[in-house]
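Participant: Before I ask anything, here is the structure I am working with.
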Amino acid sequence: MPDTLMETQTPPVIVLHPEDSVAIARRAVPAGTVLPGGIVTTSVIAPGHKIARRAHAPGDKVLRYGQIIGFASAAIAPGEHVHEHNLALGTFDRDHAIGADRAPRAPHVTGKGFLGYRRADGRVGTRNYIGILTTVNCSAHVALSVARAFERNERAGYDPLAAYPNVDGVVALTHKTGCGMSAGEPLQLLRRTIEGYARHPNFSHVLVVGLGCEVNQVGGLFDGGNPALRRITVQGEGGTRKTIERAIADVEAVLAEANRIEREWVPASELKVALICGGSDGYSGITSNPALGAASDLIVRHGGTVILSETPETFGAEHLLTRRAATQAVGERLIERIKWWEAYGASQGVSLNANPTPGNKAGGLTTIVEKSLGAIAKAGRTNLEQVVEYAEPVTSRGLVFMDGPGYDPVQVTGQIASGANLVAFTTGRGSVFGSKPVPTLKLASNSAMYRHMAEDMDINCGTILDGEESIDQCGERIFQQLLALAGGAASKSEALDFGAPEFAPWVIGPVI
């Protein structure tokens, strides 16, 4: 729909809840515009930004989604722009009411499915890669050199994997840690992440390359249930060149076996989707996030799993999850993780309200609570079944929460290590991202950005804002596209070959 036509058919602002004290600008609103209810804007309001629906005295609650997003830090007149200059976070109590909104479990729906890779242990992959993992930064060059030996070069007409059409590629996932670290929690977390990738069903075979003298020893890693795991070290092989040659030979030796597996029909219950938002704007919580939430509900109804994360971007909205906790223990565990982050932030001299980025704020988001309330919409309306640590295996079906930072690459790395076989990524500002070995579906919150960055975005959720479809209709479209992606359809980020540099295990603790 052309912008000029949209402007004549849709109101200039959106009110998300009858009790809200702010409205959201659907598009740029000029000063002096008369809004529904007779309110007149006092200045130009940028798209996605907030407009006061009533007067606020200093200290008054500011409501969006029917929830507190902060408090007026100055007097705010009706029609005035509401943002950093007059809105602050403040403190307030949340009623966690664990289980108060818990719903009875409904029978799972059947019939939907996709063509996936069924592994020998029964788990299902959506891609079929061979992985080169590293224990330490010192073995990264070797791993990257091995992966480059199997790269396709279309211009040169060179494809070392041409005889293996069922192999999606050989990918090296490297990182900057593994030594100079504590042998306690930091090492345990890194190992849990690497082991999660080593057992991931999107890998047919995995080679782990170490240096030999690092803290994160190759021999300290379990195979995680992947019998095709191999381990070598640069020092053990006698240097860089010998290690590269040995590793290339190891990969060549398993290519035929990896190629023998073929896709087969599997039910939608095998979906495990990581939910993520990045580069959010004022529309994310109105369009792409709730539409992904509708898709999440469909996945859960079909017996599948969705993995929410970003603990710092759940702060202030966690009560909406605890009220849906399947058990008292699940709700308490989420609260415990929120408290850990509050203490962690305080120990580092960082406020959780520092989470909204300059891009978030330019897009209309002001406080972390406002951001969290929009972000949590990705999880839909189903019960919270499990809360896991970063990169800890997900063992429950349904909605699961994985503790982790809000930084996109770190969060998704943990979700994949926990078992996600798809990633659904919403963005309002235009984050570019992909992940290997798991494909990423990119969801745009608004039509202008979708058109501007069409080569990076898979689905336009701005259609909701434009009045072309409902949240549920967009959610159904996302669900169908996720099934297609799981079955082998290429995402935009895959076409651009994103995914290897985005591997980023969460680093905590001192470098020593």
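How things are named: the first chain in the structure tokens is A, the next is B, and so on; residues count from 1 in each chain; ligands count from 1 in the order shown.
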As a PyMOL selection string, please: the residues near Phe203 in chain A (cut-off 12 Å, only C-alpha atoms, same-chain neighbours under 5 positions excluded).

Facilitator: chain A and resi 117-119+123-133+166-172+196-198+225-229+254-255+258-259+261+416-417+419+421+436-438

Participant: For the selection you just gave me, I'd like the residues written to a file as a compact mmCIF listing (two decimals), in the first residue's frame, keeping N, CA and C atoms.

Facilitator:
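Wrote it out as again.txt, contents follow:
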```
# COMPACT_ATOMS: atom_id res chain seq x y z
N TYR A 117 16.06 -33.57 9.00
CA TYR A 117 17.06 -34.63 9.08
C TYR A 117 16.90 -35.36 10.42
N ARG A 118 16.41 -36.56 10.38
CA ARG A 118 16.23 -37.36 11.59
C ARG A 118 17.55 -38.07 11.90
N ARG A 119 18.15 -37.74 13.05
CA ARG A 119 19.42 -38.34 13.43
C ARG A 119 19.19 -39.70 14.10
N ARG A 123 16.69 -37.16 17.39
CA ARG A 123 16.57 -35.71 17.29
C ARG A 123 16.54 -35.28 15.83
N VAL A 124 15.98 -34.07 15.57
CA VAL A 124 15.76 -33.62 14.20
C VAL A 124 16.53 -32.34 13.93
N GLY A 125 17.25 -32.34 12.83
CA GLY A 125 17.95 -31.16 12.37
C GLY A 125 17.23 -30.51 11.20
N THR A 126 17.50 -29.22 11.01
CA THR A 126 16.94 -28.49 9.87
C THR A 126 17.99 -28.22 8.81
N ARG A 127 19.26 -28.47 9.12
CA ARG A 127 20.36 -28.35 8.18
C ARG A 127 21.32 -29.51 8.42
N ASN A 128 22.27 -29.70 7.49
CA ASN A 128 23.20 -30.82 7.58
C ASN A 128 24.62 -30.32 7.31
N TYR A 129 25.23 -29.77 8.34
CA TYR A 129 26.58 -29.21 8.26
C TYR A 129 27.59 -30.17 8.88
N ILE A 130 28.85 -29.98 8.51
CA ILE A 130 29.99 -30.52 9.25
C ILE A 130 30.62 -29.34 9.99
N GLY A 131 30.84 -29.50 11.28
CA GLY A 131 31.31 -28.39 12.11
C GLY A 131 32.76 -28.53 12.52
N ILE A 132 33.47 -27.39 12.52
CA ILE A 132 34.82 -27.30 13.07
C ILE A 132 34.73 -26.36 14.27
N LEU A 133 34.82 -26.91 15.47
CA LEU A 133 34.74 -26.12 16.69
C LEU A 133 36.13 -25.94 17.29
N ASN A 166 23.75 -33.24 -0.20
CA ASN A 166 23.03 -33.21 1.07
C ASN A 166 23.84 -32.57 2.20
N VAL A 167 25.06 -32.15 1.90
CA VAL A 167 25.90 -31.47 2.91
C VAL A 167 25.80 -29.97 2.67
N ASP A 168 25.31 -29.23 3.67
CA ASP A 168 25.11 -27.79 3.52
C ASP A 168 26.40 -27.00 3.55
N GLY A 169 27.45 -27.57 4.11
CA GLY A 169 28.71 -26.86 4.15
C GLY A 169 29.58 -27.34 5.30
N VAL A 170 30.80 -26.86 5.31
CA VAL A 170 31.74 -27.09 6.42
C VAL A 170 31.95 -25.73 7.06
N VAL A 171 31.59 -25.59 8.31
CA VAL A 171 31.63 -24.29 8.97
C VAL A 171 32.54 -24.33 10.18
N ALA A 172 33.39 -23.31 10.31
CA ALA A 172 34.26 -23.15 11.47
C ALA A 172 33.65 -22.10 12.40
N GLY A 196 27.08 -28.12 23.59
CA GLY A 196 25.75 -27.99 22.98
C GLY A 196 25.81 -27.97 21.47
N TYR A 197 26.82 -27.30 20.94
CA TYR A 197 27.01 -27.29 19.48
C TYR A 197 27.49 -28.65 19.00
N ALA A 198 28.37 -29.29 19.76
CA ALA A 198 28.91 -30.59 19.33
C ALA A 198 27.82 -31.65 19.20
N GLY A 225 26.74 -36.78 23.31
CA GLY A 225 25.81 -37.64 22.60
C GLY A 225 26.05 -37.69 21.10
N ASN A 226 27.08 -36.99 20.61
CA ASN A 226 27.39 -37.02 19.18
C ASN A 226 28.54 -37.99 18.95
N PRO A 227 28.28 -39.20 18.46
CA PRO A 227 29.34 -40.19 18.29
C PRO A 227 30.32 -39.81 17.18
N ALA A 228 29.97 -38.80 16.38
CA ALA A 228 30.83 -38.41 15.27
C ALA A 228 31.79 -37.29 15.66
N LEU A 229 32.04 -37.11 16.95
CA LEU A 229 32.94 -36.06 17.42
C LEU A 229 34.39 -36.53 17.36
N VAL A 254 34.59 -38.14 6.14
CA VAL A 254 33.20 -38.30 6.60
C VAL A 254 32.19 -37.70 5.64
N LEU A 255 32.64 -37.07 4.55
CA LEU A 255 31.71 -36.41 3.64
C LEU A 255 30.69 -37.39 3.05
N ALA A 258 28.14 -38.23 5.69
CA ALA A 258 27.25 -37.10 5.94
C ALA A 258 26.25 -36.92 4.81
N ASN A 259 26.66 -37.23 3.60
CA ASN A 259 25.80 -37.04 2.43
C ASN A 259 24.71 -38.10 2.33
N ILE A 261 22.57 -39.11 4.52
CA ILE A 261 21.30 -38.79 5.19
C ILE A 261 20.45 -37.92 4.27
N ILE A 416 21.06 -21.77 20.56
CA ILE A 416 21.41 -22.89 19.68
C ILE A 416 22.06 -24.00 20.48
N ALA A 417 22.96 -23.63 21.40
CA ALA A 417 23.58 -24.64 22.26
C ALA A 417 22.54 -25.37 23.09
N GLY A 419 19.65 -26.16 22.01
CA GLY A 419 18.92 -27.08 21.15
C GLY A 419 18.06 -26.46 20.08
N ASN A 421 16.67 -25.32 16.68
CA ASN A 421 17.01 -25.69 15.30
C ASN A 421 16.50 -24.68 14.28
N LYS A 436 24.88 -19.98 12.10
CA LYS A 436 25.18 -21.32 11.63
C LYS A 436 25.45 -22.20 12.84
N PRO A 437 24.98 -23.43 12.81
CA PRO A 437 24.39 -24.16 11.69
C PRO A 437 22.88 -24.03 11.59
N VAL A 438 22.30 -23.06 12.27
CA VAL A 438 20.84 -22.95 12.36
C VAL A 438 20.37 -21.73 11.55
```

Participant: Under the rule that only C-alpha atoms are counted, which of A:His83, A:Arg451, A:Lys61, A:His17 is the nearest residue to Ala46 in chain A?

Facilitator: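 Nearest to Ala46 in chain A: A:His83.
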
Participant: Mind pulling up the distance from CA of Phe425 in chain A to CA of Leu441 in chain A?

Facilitator: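 CA of Phe425 in chain A lies 6.0 Å from CA of Leu441 in chain A.
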
Participant: Quick one: residues within 7 Å of range 272-277 of chain A, only C-alpha atoms counted, chain neighbours fewer than 3 positions away excluded, as a list in words?

Facilitator: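 Answer for this query is Ser280, Gly304, Thr305, Val306, Ile307, Leu308, Ala375, Lys378, Gln415, Gly419, Ala420, Asn421, Leu422, Val423, Ala424, Phe425, Thr426 and Thr427 of chain A.
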
Participant: Using DSSP on the backbone coordinates, identify the residues of range 24-58 of chain A assigned to strand (DSSP E or B); present them as a list of chain:residue names.

Facilitator: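 In range 24-58 of chain A, DSSP puts these residues in strand (DSSP E or B): A:Ile24, A:Ala25, A:Val29, A:Val34, A:Val40, A:Ile45, A:Lys50, A:Ile51, A:Ala52, A:His56.
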
Participant: Filtering to N, CA and C atoms, could you give me those residues as a PDB file, in the first residue's frame?

Facilitator:
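That gives us again.pdb:
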```
ATOM      1  N   ILE A  24       0.961   5.929  20.341  1.00  0.00           N
ATOM      2  CA  ILE A  24       2.151   5.731  19.538  1.00  0.00           C
ATOM      3  C   ILE A  24       1.913   6.309  18.147  1.00  0.00           C
ATOM      4  N   ALA A  25       2.858   7.101  17.654  1.00  0.00           N
ATOM      5  CA  ALA A  25       2.720   7.700  16.322  1.00  0.00           C
ATOM      6  C   ALA A  25       2.856   6.613  15.252  1.00  0.00           C
ATOM      7  N   VAL A  29       4.014  12.712  12.802  1.00  0.00           N
ATOM      8  CA  VAL A  29       2.813  13.510  13.079  1.00  0.00           C
ATOM      9  C   VAL A  29       3.237  14.973  13.223  1.00  0.00           C
ATOM     10  N   VAL A  34      -4.613  17.466  15.221  1.00  0.00           N
ATOM     11  CA  VAL A  34      -5.683  17.133  16.160  1.00  0.00           C
ATOM     12  C   VAL A  34      -5.861  15.615  16.161  1.00  0.00           C
ATOM     13  N   VAL A  40      -4.115  17.902  20.818  1.00  0.00           N
ATOM     14  CA  VAL A  40      -3.368  18.560  19.752  1.00  0.00           C
ATOM     15  C   VAL A  40      -1.882  18.393  20.021  1.00  0.00           C
ATOM     16  N   ILE A  45       6.120  14.757  16.000  1.00  0.00           N
ATOM     17  CA  ILE A  45       6.347  13.474  16.668  1.00  0.00           C
ATOM     18  C   ILE A  45       6.856  12.476  15.632  1.00  0.00           C
ATOM     19  N   LYS A  50       6.179   8.326  21.315  1.00  0.00           N
ATOM     20  CA  LYS A  50       5.010   8.406  22.201  1.00  0.00           C
ATOM     21  C   LYS A  50       4.483   9.836  22.301  1.00  0.00           C
ATOM     22  N   ILE A  51       3.162   9.946  22.416  1.00  0.00           N
ATOM     23  CA  ILE A  51       2.464  11.220  22.571  1.00  0.00           C
ATOM     24  C   ILE A  51       1.583  11.118  23.812  1.00  0.00           C
ATOM     25  N   ALA A  52       1.654  12.109  24.670  1.00  0.00           N
ATOM     26  CA  ALA A  52       0.851  12.086  25.901  1.00  0.00           C
ATOM     27  C   ALA A  52      -0.631  12.216  25.575  1.00  0.00           C
ATOM     28  N   HIS A  56       0.453  14.794  32.811  1.00  0.00           N
ATOM     29  CA  HIS A  56       1.188  14.065  33.832  1.00  0.00           C
ATOM     30  C   HIS A  56       1.934  15.065  34.707  1.00  0.00           C
TER      31      HIS A  56
END
```

Participant: Pick the closest to Met449 in chain A from A:Phe150, A:Tyr283, A:Tyr164, A:Tyr390: which is it, counting only C-alpha atoms?

Facilitator: A:Tyr283

Participant: According to DSSP computed on the backbone, where in range 84-157 of chain A is there alpha helix (DSSP H)? Give the residues as a list in words.

Facilitator: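 Matching residues, listed in order: Ala140, His141, Val142, Ala143, Leu144, Ser145, Val146, Ala147 and Arg148 of chain A.
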
Participant: Write out as a short mmCIF file (atom, residue, chain, number, x, y, z; two decimals) with N, CA and C atoms, in the first residue's frame the residues lying within 10 Å of range 187-193 of chain A, counting only C-alpha atoms and excluding same-chain residues fewer than 6 positions away.

Facilitator:
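Below you can see part19.cif, which holds the result:
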```cif
data_model
loop_
_atom_site.label_atom_id
_atom_site.label_comp_id
_atom_site.auth_asym_id
_atom_site.auth_seq_id
_atom_site.Cartn_x
_atom_site.Cartn_y
_atom_site.Cartn_z
N THR A 135 38.50 -24.97 20.89
CA THR A 135 38.52 -24.85 22.35
C THR A 135 39.02 -23.49 22.80
N VAL A 136 39.81 -22.82 21.93
CA VAL A 136 40.52 -21.63 22.35
C VAL A 136 40.79 -20.76 21.12
N THR A 177 38.09 -16.75 23.47
CA THR A 177 38.39 -17.12 24.85
C THR A 177 38.91 -18.55 24.89
N GLY A 178 38.83 -19.21 26.07
CA GLY A 178 39.30 -20.58 26.22
C GLY A 178 40.57 -20.70 27.04
N CYS A 179 41.22 -19.57 27.31
CA CYS A 179 42.41 -19.58 28.16
C CYS A 179 42.46 -18.24 28.88
N MET A 181 41.53 -17.78 31.82
CA MET A 181 40.21 -17.71 32.44
C MET A 181 40.16 -18.62 33.66
N VAL A 215 43.50 -23.64 29.03
CA VAL A 215 42.68 -24.03 30.18
C VAL A 215 41.55 -24.95 29.73
N ASN A 216 40.91 -24.61 28.61
CA ASN A 216 39.78 -25.40 28.09
C ASN A 216 40.32 -26.57 27.27
N GLN A 217 40.74 -27.60 27.93
CA GLN A 217 41.36 -28.75 27.28
C GLN A 217 40.36 -29.54 26.43
N VAL A 218 40.83 -30.00 25.26
CA VAL A 218 39.99 -30.82 24.39
C VAL A 218 39.50 -32.06 25.13
N GLY A 220 38.76 -32.37 28.09
CA GLY A 220 37.76 -32.05 29.10
C GLY A 220 36.36 -31.92 28.55
N LEU A 221 36.22 -32.00 27.23
CA LEU A 221 34.90 -31.88 26.61
C LEU A 221 34.28 -33.24 26.41
N PHE A 222 33.02 -33.37 26.77
CA PHE A 222 32.28 -34.60 26.51
C PHE A 222 31.77 -34.58 25.08
N GLY A 224 28.79 -35.16 24.25
CA GLY A 224 27.43 -34.64 24.25
C GLY A 224 26.44 -35.49 23.49
N GLU A 389 19.56 -22.47 32.40
CA GLU A 389 20.74 -21.62 32.39
C GLU A 389 21.20 -21.42 30.94
N TYR A 390 22.13 -20.51 30.76
CA TYR A 390 22.68 -20.26 29.43
C TYR A 390 23.29 -21.54 28.86
N ALA A 391 22.87 -21.90 27.64
CA ALA A 391 23.39 -23.06 26.91
C ALA A 391 23.05 -24.40 27.56
N GLU A 392 22.20 -24.39 28.56
CA GLU A 392 21.77 -25.64 29.19
C GLU A 392 20.74 -26.33 28.29
N PRO A 393 20.80 -27.64 28.14
CA PRO A 393 19.84 -28.31 27.25
C PRO A 393 18.39 -28.07 27.65
N THR A 413 23.72 -17.70 20.35
CA THR A 413 24.69 -18.77 20.55
C THR A 413 24.24 -19.70 21.67
N GLY A 414 23.76 -19.12 22.77
CA GLY A 414 23.26 -19.93 23.88
C GLY A 414 22.01 -20.70 23.53
N GLN A 415 21.09 -20.07 22.79
CA GLN A 415 19.85 -20.75 22.42
C GLN A 415 20.11 -21.94 21.49
N ILE A 416 21.06 -21.77 20.56
CA ILE A 416 21.41 -22.89 19.68
C ILE A 416 22.06 -24.00 20.48
N ALA A 417 22.96 -23.63 21.40
CA ALA A 417 23.58 -24.64 22.26
C ALA A 417 22.54 -25.37 23.09
N SER A 418 21.45 -24.70 23.43
CA SER A 418 20.36 -25.32 24.20
C SER A 418 19.49 -26.22 23.34
N ALA A 504 29.23 -16.53 19.35
CA ALA A 504 29.79 -15.68 20.40
C ALA A 504 29.38 -16.21 21.78
N PRO A 505 30.11 -17.16 22.34
CA PRO A 505 29.79 -17.64 23.69
C PRO A 505 29.86 -16.51 24.71
N TRP A 506 28.99 -16.58 25.69
CA TRP A 506 28.94 -15.59 26.76
C TRP A 506 30.19 -15.67 27.60
N VAL A 507 30.92 -14.57 27.71
CA VAL A 507 32.15 -14.52 28.50
C VAL A 507 31.85 -13.80 29.82
N ILE A 508 32.01 -14.52 30.92
CA ILE A 508 31.88 -13.88 32.23
C ILE A 508 33.17 -14.13 33.01
N GLY A 509 33.39 -13.36 34.04
CA GLY A 509 34.57 -13.53 34.87
C GLY A 509 35.77 -12.77 34.33
#
```

Participant: If I take CA of Ile69 in chain A and CA of Glu332 in chain A, how far is one from the other in Å, to one decimal?

Facilitator: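 We find that CA of Ile69 in chain A and CA of Glu332 in chain A lie 23.2 Å from each other.
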
Participant: One decimal, Å: what's the distance from CA of Ala362 in chain A over to CA of Val432 in chain A, could you say?

Facilitator: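 Rounded to one decimal, the two atoms are 17.6 Å apart.
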
Participant: May I have the residues within 12 Å of Ala97 in chain A as a list in words, using only C-alpha atoms and disregarding those fewer than 2 positions away in the same chain?

Facilitator: Asp93, Arg94, Asp95, Gly99, Ala100, Asp101, Arg102, Glu318, His319, Leu320, Leu321, Thr322, Arg323, Arg324, Ala325, Thr327, Gln328, Gly331, Glu332 and Ile335 of chain A

Participant: Store the residues of this selection in a file with C-alpha atoms, as a PDB file, in the first residue's frame.

Facilitator:
```pdb
ATOM      1  CA  ASP A  93       6.509  -3.348  42.613  1.00  0.00           C
ATOM      2  CA  ARG A  94       5.442  -6.073  40.197  1.00  0.00           C
ATOM      3  CA  ASP A  95       2.908  -8.683  41.225  1.00  0.00           C
ATOM      4  CA  GLY A  99       0.805 -19.407  38.185  1.00  0.00           C
ATOM      5  CA  ALA A 100      -2.139 -17.008  38.542  1.00  0.00           C
ATOM      6  CA  ASP A 101      -2.767 -16.965  34.769  1.00  0.00           C
ATOM      7  CA  ARG A 102      -1.714 -20.564  34.131  1.00  0.00           C
ATOM      8  CA  GLU A 318       8.893 -10.781  34.092  1.00  0.00           C
ATOM      9  CA  HIS A 319       5.614 -10.845  36.027  1.00  0.00           C
ATOM     10  CA  LEU A 320       3.805 -11.517  32.741  1.00  0.00           C
ATOM     11  CA  LEU A 321       5.779 -14.772  32.513  1.00  0.00           C
ATOM     12  CA  THR A 322       5.713 -15.804  36.179  1.00  0.00           C
ATOM     13  CA  ARG A 323       1.931 -15.513  36.168  1.00  0.00           C
ATOM     14  CA  ARG A 324       1.944 -18.181  33.422  1.00  0.00           C
ATOM     15  CA  ALA A 325       4.547 -20.430  35.067  1.00  0.00           C
ATOM     16  CA  THR A 327       4.894 -24.703  38.419  1.00  0.00           C
ATOM     17  CA  GLN A 328       5.932 -22.675  41.446  1.00  0.00           C
ATOM     18  CA  GLY A 331       8.309 -19.085  38.377  1.00  0.00           C
ATOM     19  CA  GLU A 332      10.746 -18.825  41.260  1.00  0.00           C
ATOM     20  CA  ILE A 335      12.644 -14.422  39.518  1.00  0.00           C
TER      21      ILE A 335
END
```

Participant: Tell me which of A:Pro501, A:Gly48, A:Tyr65, A:Gly59 sits closest to Ala140 in chain A, counting only C-alpha atoms.

Facilitator: A:Pro501

Participant: Could you pull the residues within 10 Å of Glu151 in chain A, counting only C-alpha atoms, minus those fewer than 3 positions along the same chain, as a PDB file with C-alpha atoms, in the first residue's frame?

Facilitator:
```
ATOM      1  CA  VAL A 146      40.082 -26.038   7.214  1.00  0.00           C
ATOM      2  CA  ALA A 147      36.640 -24.568   6.492  1.00  0.00           C
ATOM      3  CA  ARG A 148      38.048 -22.420   3.648  1.00  0.00           C
ATOM      4  CA  GLU A 154      30.883 -19.832  -7.980  1.00  0.00           C
ATOM      5  CA  TYR A 158      34.968 -24.501  -7.996  1.00  0.00           C
ATOM      6  CA  ASP A 159      32.808 -26.525  -5.629  1.00  0.00           C
ATOM      7  CA  PRO A 160      34.564 -29.115  -3.469  1.00  0.00           C
ATOM      8  CA  LEU A 161      31.174 -30.257  -2.150  1.00  0.00           C
ATOM      9  CA  GLY A 169      28.714 -26.864   4.153  1.00  0.00           C
ATOM     10  CA  VAL A 170      31.736 -27.094   6.416  1.00  0.00           C
ATOM     11  CA  VAL A 171      31.626 -24.288   8.967  1.00  0.00           C
TER      12      VAL A 171
END
```
